[in-house]
Amino acid sequence: MTDGDKERTFAALPPLRGRGFAHTWWGRAWVKALEDAALDSEQIKAGRRLARAGAVGSVSVRPGRITAVVRDRDHTTHRADVLVQELPDERWDRFLDMAVERAGHVAALLDREMPPHLVEDAADAGVELLPGLGDLEADCDCGAWDHCGHTSALCYQMARLLDQDPFVLLLLRGRTERTLLDELQQRGSTVGGANVRSRHPRAVPEAPPQGVAAAEAYAAGDILPPLPVLPGLPEGPGRPPSLDTEAAPAPGVDPPALEFLAMATAAEAYRLLARAIGPDHGSRSPEEELTLEQDAVRLAAARPDTPIAQRLARGSGRDRQELTLAVRAWQFGGAVALSVLEDEWTVGTEALARARAALASAWDEDERPSLIASHNHWTMVGAPVQLRLGQDGRWWPYRKEHGRWTPAGQAVGDPATALAMAAGDPRDVSTNG
């Protein structure tokens with residue numbers, strides 16, 4: 001990343017797998033501004049897929065504009081710009097006056113944080129830092145007049161950058177980090193405020209906490225009582241209390257939805273406890289946080305026939321058919337299988353060579369099926385079956401049902417086995433399927 005006077009350029013970020021684009025509340029507010037204003041939800045979904053696949057190049061941020069080159073799924077490239085109105089000098093003066101009056105605001109900025117009360121106090125002073133509905137204006141050379149997949153992908157990538165550094169948002173609104181900190185320093189020295197440093201800023205350190213010397217703590221280790229025995233795993237998840245009472249629910253309360261969430265929460269707590277006290281817990285990698293769209297599929301997979309499924313479909317940005325497919329994928333392999341269903345990726349040179357070698361060795365030459373490759377998908381000629389290569393090198397069987405490619409089983413290491421699963425034939429698959 002380079003830090004210029006009026007522009008910052010961020011290197012392209014790697015593909016994102018299995019978690020949300022934004023974790024901070026201000027990053028999520030940026031995503032909400034995009035998703036609430038977009039007129040075409042399909043373009044938003046296309047943008048999510050492109051951003052997740054790492055299709056967004058270096059991102060340039062300057063006052064009023066962010067820019068990046070986005071590689072489309074057909075390998076064409078497009079320049080995408082998103083425009084945000086700069087704040088006039090008079091509003092910046094209001095923001096700076098407000099910030100120096102509250103030492104906590106300055107400390108938060110130096111820690112690269114943007115707490116809600118800072119944004120609320122700024123709004124009270126007439127300074128809207130975060131974009132609202134309609135504040136993100138799209139401009140792309142693909143010719144779309146509203147947000148397209150390319151500008152949507154750029155916005156999702158911007159949310160990841162904002163997570164790392166809220167000063168990027170302040171630059172977009174018209175103030176570089178150096179200028180802003182210099183002005184805070186000037187105002188702070190005038191009114192006796194906190195010391196603000198323009199290079200390597202950090203919050204003013206507090207008094208160090210009192211503790212025990214490490215050698216002393218280590219020496220006392222053999223006299224400490226043993227840790228308690230881990231609790232046993234119950235027979236099953238607990239059942240929440242029934243909400244089926246004679247009393248009418250309060251306005252806005254949906255008892256079936258509340259019961260569904262309570263049961264799903266109990267089941268998830270039981271699963272996490274079983275994982276935590278299992279013998280191999282220490283060797284497992286931490287689970288990645290699910291996105292809202294993934295979590296909606298997880299909930300629907302627990303009880304796919306519940307009336308709540310329609311609401312989960314809307315909340316996840318899918319229609320009912322798409323949610324049914326997503327649930328089927330989830331039941332075969334969780335978030336990994338869902339990614340294989342919904343995301344395409346370009347197979348690298350080494351992975352492609354390994355995939356071709358696996359395909360070549362899976363059948364005798366005279367029995368080898370004819371497959372057409374596109375990204376990580378291999379479709380069999382003359383049969384409604386397909387192989388999809390996962391990022392871990394395993395093969396997922398797919399079958400076309402009612403015009404849609406549908407998961408047909410769990411991932412396996414052998415492509416011939418996967419193709420037989422897709423064809424519904426327990427034997428090896430020949431050229432005619």
# chains A, B, ... in the order shown; residues from 1 in each chain; ligands from 1
>>> closest_atom_pairs(of="segment 102-192 of chain A", to="segment 82-87 of chain A", cutoff="10 Å", atoms="only C-alpha atoms", output="CSV")
residue,atom,partner,partner_atom,distance
A:Val127,CA,A:Leu87,CA,7.8
A:Glu128,CA,A:Leu87,CA,8.5
A:Leu129,CA,A:Leu87,CA,8.5
A:Leu130,CA,A:Val84,CA,10.0
A:Pro131,CA,A:Val84,CA,7.7
A:Gly134,CA,A:Val84,CA,9.6
A:Asp135,CA,A:Val84,CA,6.1
A:Leu136,CA,A:Val84,CA,5.6
A:Glu137,CA,A:Leu83,CA,4.9
A:Ala138,CA,A:Val82,CA,4.7
A:Asp139,CA,A:Val82,CA,6.1
A:Cys140,CA,A:Val82,CA,8.4
A:His147,CA,A:Val82,CA,9.0
A:Thr151,CA,A:Val82,CA,6.6
A:Ser152,CA,A:Val82,CA,9.0
A:Leu154,CA,A:Val82,CA,7.9
A:Cys155,CA,A:Val82,CA,7.6
A:Leu169,CA,A:Val84,CA,9.9
A:Leu170,CA,A:Glu86,CA,9.3
A:Leu171,CA,A:Glu86,CA,9.0
A:Leu172,CA,A:Glu86,CA,7.0
A:Arg173,CA,A:Glu86,CA,4.4
A:Gly174,CA,A:Glu86,CA,5.2
A:Arg175,CA,A:Leu87,CA,8.7
>>> residues_around(residues="Glu401 of chain A", least_positions_apart="2", cutoff="12 Å", atoms="only C-alpha atoms", output="VMD selection string")
chain A and resid 321 325 383 to 386 398 to 399 403 to 408 422 to 423
>>> write_last_selection(atoms="all heavy atoms", output="CSV table (one decimal), in the first residue's frame")
chain,number,residue,atom,x,y,z
A,321,GLN,N,-36.4,-21.8,-4.5
A,321,GLN,CA,-35.7,-22.8,-5.2
A,321,GLN,C,-34.2,-22.7,-5.0
A,321,GLN,O,-33.5,-23.8,-4.7
A,321,GLN,CB,-35.9,-22.7,-6.7
A,321,GLN,CG,-37.0,-23.6,-7.3
A,321,GLN,CD,-37.0,-23.6,-8.8
A,321,GLN,OE1,-36.8,-22.6,-9.4
A,321,GLN,NE2,-37.2,-24.7,-9.4
A,325,LEU,N,-31.7,-25.6,-3.1
A,325,LEU,CA,-30.4,-26.1,-3.6
A,325,LEU,C,-29.3,-25.9,-2.6
A,325,LEU,O,-28.4,-26.7,-2.4
A,325,LEU,CB,-30.1,-25.4,-4.9
A,325,LEU,CG,-30.6,-26.0,-6.2
A,325,LEU,CD1,-30.2,-25.1,-7.4
A,325,LEU,CD2,-30.2,-27.4,-6.4
A,383,ALA,N,-24.4,-36.2,-21.4
A,383,ALA,CA,-25.0,-36.6,-20.1
A,383,ALA,C,-25.2,-35.5,-19.2
A,383,ALA,O,-24.4,-34.6,-19.1
A,383,ALA,CB,-24.2,-37.7,-19.5
A,384,PRO,N,-26.3,-35.4,-18.4
A,384,PRO,CA,-26.5,-34.3,-17.5
A,384,PRO,C,-25.8,-34.5,-16.2
A,384,PRO,O,-26.3,-34.4,-15.1
A,384,PRO,CB,-28.0,-34.4,-17.3
A,384,PRO,CG,-28.4,-35.8,-17.4
A,384,PRO,CD,-27.4,-36.4,-18.4
A,385,VAL,N,-24.5,-34.7,-16.3
A,385,VAL,CA,-23.7,-34.9,-15.1
A,385,VAL,C,-22.4,-33.9,-15.2
A,385,VAL,O,-22.0,-33.6,-16.3
A,385,VAL,CB,-23.2,-36.3,-14.9
A,385,VAL,CG1,-24.4,-37.2,-14.6
A,385,VAL,CG2,-22.5,-36.8,-16.1
A,386,GLN,N,-21.9,-33.6,-14.0
A,386,GLN,CA,-20.8,-32.6,-14.0
A,386,GLN,C,-19.9,-32.9,-12.7
A,386,GLN,O,-20.4,-33.4,-11.7
A,386,GLN,CB,-21.4,-31.2,-13.9
A,386,GLN,CG,-20.4,-30.1,-13.9
A,386,GLN,CD,-21.0,-28.7,-13.8
A,386,GLN,OE1,-21.3,-28.3,-12.7
A,386,GLN,NE2,-21.4,-28.1,-14.9
A,398,TYR,N,-22.2,-33.5,-9.4
A,398,TYR,CA,-23.4,-32.7,-9.7
A,398,TYR,C,-24.2,-33.3,-10.8
A,398,TYR,O,-23.7,-34.0,-11.7
A,398,TYR,CB,-23.0,-31.2,-10.2
A,398,TYR,CG,-22.9,-30.3,-9.0
A,398,TYR,CD1,-21.8,-30.4,-8.1
A,398,TYR,CD2,-23.8,-29.3,-8.7
A,398,TYR,CE1,-21.7,-29.6,-7.0
A,398,TYR,CE2,-23.7,-28.5,-7.7
A,398,TYR,CZ,-22.7,-28.6,-6.8
A,398,TYR,OH,-22.6,-27.8,-5.7
A,399,ARG,N,-25.5,-33.1,-10.7
A,399,ARG,CA,-26.5,-33.7,-11.7
A,399,ARG,C,-27.4,-32.6,-12.1
A,399,ARG,O,-27.9,-31.8,-11.2
A,399,ARG,CB,-27.2,-34.9,-11.1
A,399,ARG,CG,-28.2,-35.5,-12.0
A,399,ARG,CD,-29.0,-36.6,-11.3
A,399,ARG,NE,-28.1,-37.6,-10.6
A,399,ARG,CZ,-28.1,-37.7,-9.3
A,399,ARG,NH1,-28.9,-37.0,-8.5
A,399,ARG,NH2,-27.3,-38.6,-8.7
A,403,GLY,N,-33.4,-28.5,-15.1
A,403,GLY,CA,-32.7,-27.3,-15.6
A,403,GLY,C,-31.6,-26.7,-14.7
A,403,GLY,O,-31.0,-25.7,-15.1
A,404,ARG,N,-31.4,-27.2,-13.5
A,404,ARG,CA,-30.4,-26.6,-12.6
A,404,ARG,C,-29.4,-27.7,-12.2
A,404,ARG,O,-29.7,-28.8,-12.0
A,404,ARG,CB,-31.1,-26.1,-11.3
A,404,ARG,CG,-32.0,-24.9,-11.5
A,404,ARG,CD,-32.8,-24.6,-10.2
A,404,ARG,NE,-33.6,-23.4,-10.3
A,404,ARG,CZ,-33.2,-22.2,-9.9
A,404,ARG,NH1,-32.1,-22.0,-9.2
A,404,ARG,NH2,-34.0,-21.2,-10.0
A,405,TRP,N,-28.1,-27.2,-12.1
A,405,TRP,CA,-27.1,-28.1,-11.6
A,405,TRP,C,-27.3,-28.3,-10.1
A,405,TRP,O,-27.3,-27.3,-9.3
A,405,TRP,CB,-25.7,-27.5,-11.9
A,405,TRP,CG,-25.4,-27.7,-13.4
A,405,TRP,CD1,-25.2,-26.7,-14.3
A,405,TRP,CD2,-25.1,-28.9,-14.1
A,405,TRP,NE1,-24.9,-27.2,-15.5
A,405,TRP,CE2,-24.8,-28.5,-15.4
A,405,TRP,CE3,-25.1,-30.2,-13.7
A,405,TRP,CZ2,-24.5,-29.5,-16.4
A,405,TRP,CZ3,-24.8,-31.2,-14.7
A,405,TRP,CH2,-24.5,-30.8,-16.0
A,406,THR,N,-27.4,-29.5,-9.7
A,406,THR,CA,-27.8,-29.9,-8.3
A,406,THR,C,-26.7,-30.8,-7.7
A,406,THR,O,-26.2,-31.7,-8.3
A,406,THR,CB,-29.1,-30.6,-8.3
A,406,THR,OG1,-30.1,-29.8,-9.0
A,406,THR,CG2,-29.6,-30.9,-6.9
A,407,PRO,N,-26.3,-30.5,-6.4
A,407,PRO,CA,-25.4,-31.4,-5.7
A,407,PRO,C,-25.9,-32.8,-5.6
A,407,PRO,O,-27.1,-33.0,-5.3
A,407,PRO,CB,-25.2,-30.8,-4.3
A,407,PRO,CG,-25.7,-29.3,-4.5
A,407,PRO,CD,-26.7,-29.4,-5.6
A,408,ALA,N,-25.0,-33.8,-5.9
A,408,ALA,CA,-25.5,-35.2,-5.9
A,408,ALA,C,-24.7,-36.0,-4.9
A,408,ALA,O,-25.0,-37.2,-4.9
A,408,ALA,CB,-25.2,-35.8,-7.3
A,422,ALA,N,-22.7,-38.8,-9.6
A,422,ALA,CA,-23.5,-37.8,-10.3
A,422,ALA,C,-24.5,-38.5,-11.3
A,422,ALA,O,-25.6,-38.1,-11.5
A,422,ALA,CB,-22.6,-36.9,-11.1
A,423,ALA,N,-24.0,-39.7,-11.9
A,423,ALA,CA,-24.8,-40.4,-12.8
A,423,ALA,C,-25.8,-41.3,-12.1
A,423,ALA,O,-26.7,-41.9,-12.8
A,423,ALA,CB,-24.0,-41.2,-13.8
>>> closest_residue(among="A:Thr179, A:Ile308, A:Val297, A:Trp345", to="Arg328 of chain A", atoms="only C-alpha atoms")
A:Val297
>>> select_by_dssp(residues="segment 53-143 of chain A", states="helix (DSSP H, G or I)", output="PyMOL selection string")
chain A and resi 89-100+103-110+116-124
>>> select_by_dssp(residues="segment 14-111 of chain A", states="strand (DSSP E)", output="PyMOL selection string")
chain A and resi 59-62+65-71+77-83
